[in-house]
Amino acid sequence: MPTKIIIKNNGSIKVEGDFELYDENGNKFDLAGRTRISLCRCGQSNDKPFCDHAHRAINWSAPVVARTLPPPVPKP
Ligand code: FES
């Protein structure tokens with residue numbers, strides 16, 4: 001199943017499908033077979049990078065609407 005990433009209004013980044021999650025040192029998270037996770041977007045989770053629903057307690061507001069991005073700027 002291809003990876004699908006859903007940015008939830010006022011909440012997390014939901015990732016589902018075939019994916020692997022690594023820290024910046026290249027260490028792979030053991031997701032215990034999960035094919036769906038939610039990553040914190042609000043910065044308040046006590047279980048980063050995963051969402052623990054702390055965004056609800058702070059009434060975090062960050063609506064998202066899909067849009068077209070400009071072309072990437074070529075790197076020198
Ligand atoms: S987005 Fe849910 S705790 Fe941050």
# chains A, B, ... in the order shown; residues from 1 in each chain; ligands from 1

call {"tool": "residues_around", "arguments": {"residues": "A:Ala57", "least_positions_apart": "3", "cutoff": "12 Å", "atoms": "only C-alpha atoms", "output": "list in words"}}
result
Asn10, Gly11, Cys42, Gln44, Ser45, Asp52, His53, Ala54, Trp60 and Ser61 of chain A

call {"tool": "write_last_selection", "arguments": {"atoms": "C-alpha atoms", "output": "short mmCIF file (atom, residue, chain, number, x, y, z; two decimals), in the first residue's frame"}}
result
data_model
loop_
_atom_site.label_atom_id
_atom_site.label_comp_id
_atom_site.auth_asym_id
_atom_site.auth_seq_id
_atom_site.Cartn_x
_atom_site.Cartn_y
_atom_site.Cartn_z
CA ASN A 10 -5.84 21.37 14.36
CA GLY A 11 -4.03 18.09 14.96
CA CYS A 42 1.68 21.09 17.68
CA GLN A 44 3.08 19.71 22.92
CA SER A 45 3.17 15.90 22.91
CA ASP A 52 -0.57 11.94 22.33
CA HIS A 53 -3.61 14.19 21.78
CA ALA A 54 -2.14 17.03 23.83
CA TRP A 60 -4.49 24.07 19.11
CA SER A 61 -5.71 25.68 15.90
#

call {"tool": "select_by_dssp", "arguments": {"residues": "chain A", "states": "alpha helix (DSSP H)", "output": "PyMOL selection string"}}
result
chain A and resi 54-57

call {"tool": "residues_around", "arguments": {"residues": "stretch 29-40 of chain A", "least_positions_apart": "3", "cutoff": "12 Å", "atoms": "only C-alpha atoms", "output": "VMD selection string"}}
result
chain A and resid 1 to 8 10 to 26 43 to 56 60

call {"tool": "write_last_selection", "arguments": {"atoms": "C-alpha atoms", "output": "CSV table (one decimal), in the first residue's frame"}}
result
chain,number,residue,atom,x,y,z
A,1,MET,CA,0.0,0.0,0.0
A,2,PRO,CA,1.5,3.4,-1.0
A,3,THR,CA,2.3,5.8,1.8
A,4,LYS,CA,-0.5,8.4,2.5
A,5,ILE,CA,0.2,11.4,4.7
A,6,ILE,CA,-2.8,13.4,6.0
A,7,ILE,CA,-2.3,16.7,7.7
A,8,LYS,CA,-5.2,16.9,10.1
A,10,ASN,CA,-5.8,21.4,14.4
A,11,GLY,CA,-4.0,18.1,15.0
A,12,SER,CA,-1.5,15.6,14.0
A,13,ILE,CA,0.2,14.3,10.8
A,14,LYS,CA,-1.3,10.9,10.1
A,15,VAL,CA,1.0,8.5,8.1
A,16,GLU,CA,-0.4,5.2,6.8
A,17,GLY,CA,0.6,2.6,4.4
A,18,ASP,CA,4.2,1.3,3.7
A,19,PHE,CA,6.7,3.6,5.5
A,20,GLU,CA,9.6,3.5,7.8
A,21,LEU,CA,10.4,6.0,10.5
A,22,TYR,CA,14.0,7.0,11.4
A,23,ASP,CA,15.6,9.5,13.7
A,24,GLU,CA,18.1,11.9,12.4
A,25,ASN,CA,21.0,9.5,13.2
A,26,GLY,CA,19.5,6.9,10.9
A,43,GLY,CA,4.9,20.5,19.7
A,44,GLN,CA,3.1,19.7,22.9
A,45,SER,CA,3.2,15.9,22.9
A,46,ASN,CA,5.0,14.2,25.8
A,47,ASP,CA,5.7,11.3,23.4
A,48,LYS,CA,7.3,13.1,20.5
A,49,PRO,CA,7.5,12.5,17.6
A,50,PHE,CA,4.1,10.8,18.2
A,51,CYS,CA,0.9,12.6,18.9
A,52,ASP,CA,-0.6,11.9,22.3
A,53,HIS,CA,-3.6,14.2,21.8
A,54,ALA,CA,-2.1,17.0,23.8
A,55,HIS,CA,-3.2,19.3,21.0
A,56,ARG,CA,-6.8,18.9,22.2
A,60,TRP,CA,-4.5,24.1,19.1

call {"tool": "select_by_dssp", "arguments": {"residues": "chain A", "states": "strand (DSSP E or B)", "output": "PyMOL selection string"}}
result
chain A and resi 4-7+13-16+22+28+36-39+50

call {"tool": "closest_residue", "arguments": {"among": "A:Asn9, A:Arg41, A:Asn27, A:Ala62", "to": "ligand 1", "atoms": "only C-alpha atoms and all ligand atoms"}}
result
A:Arg41
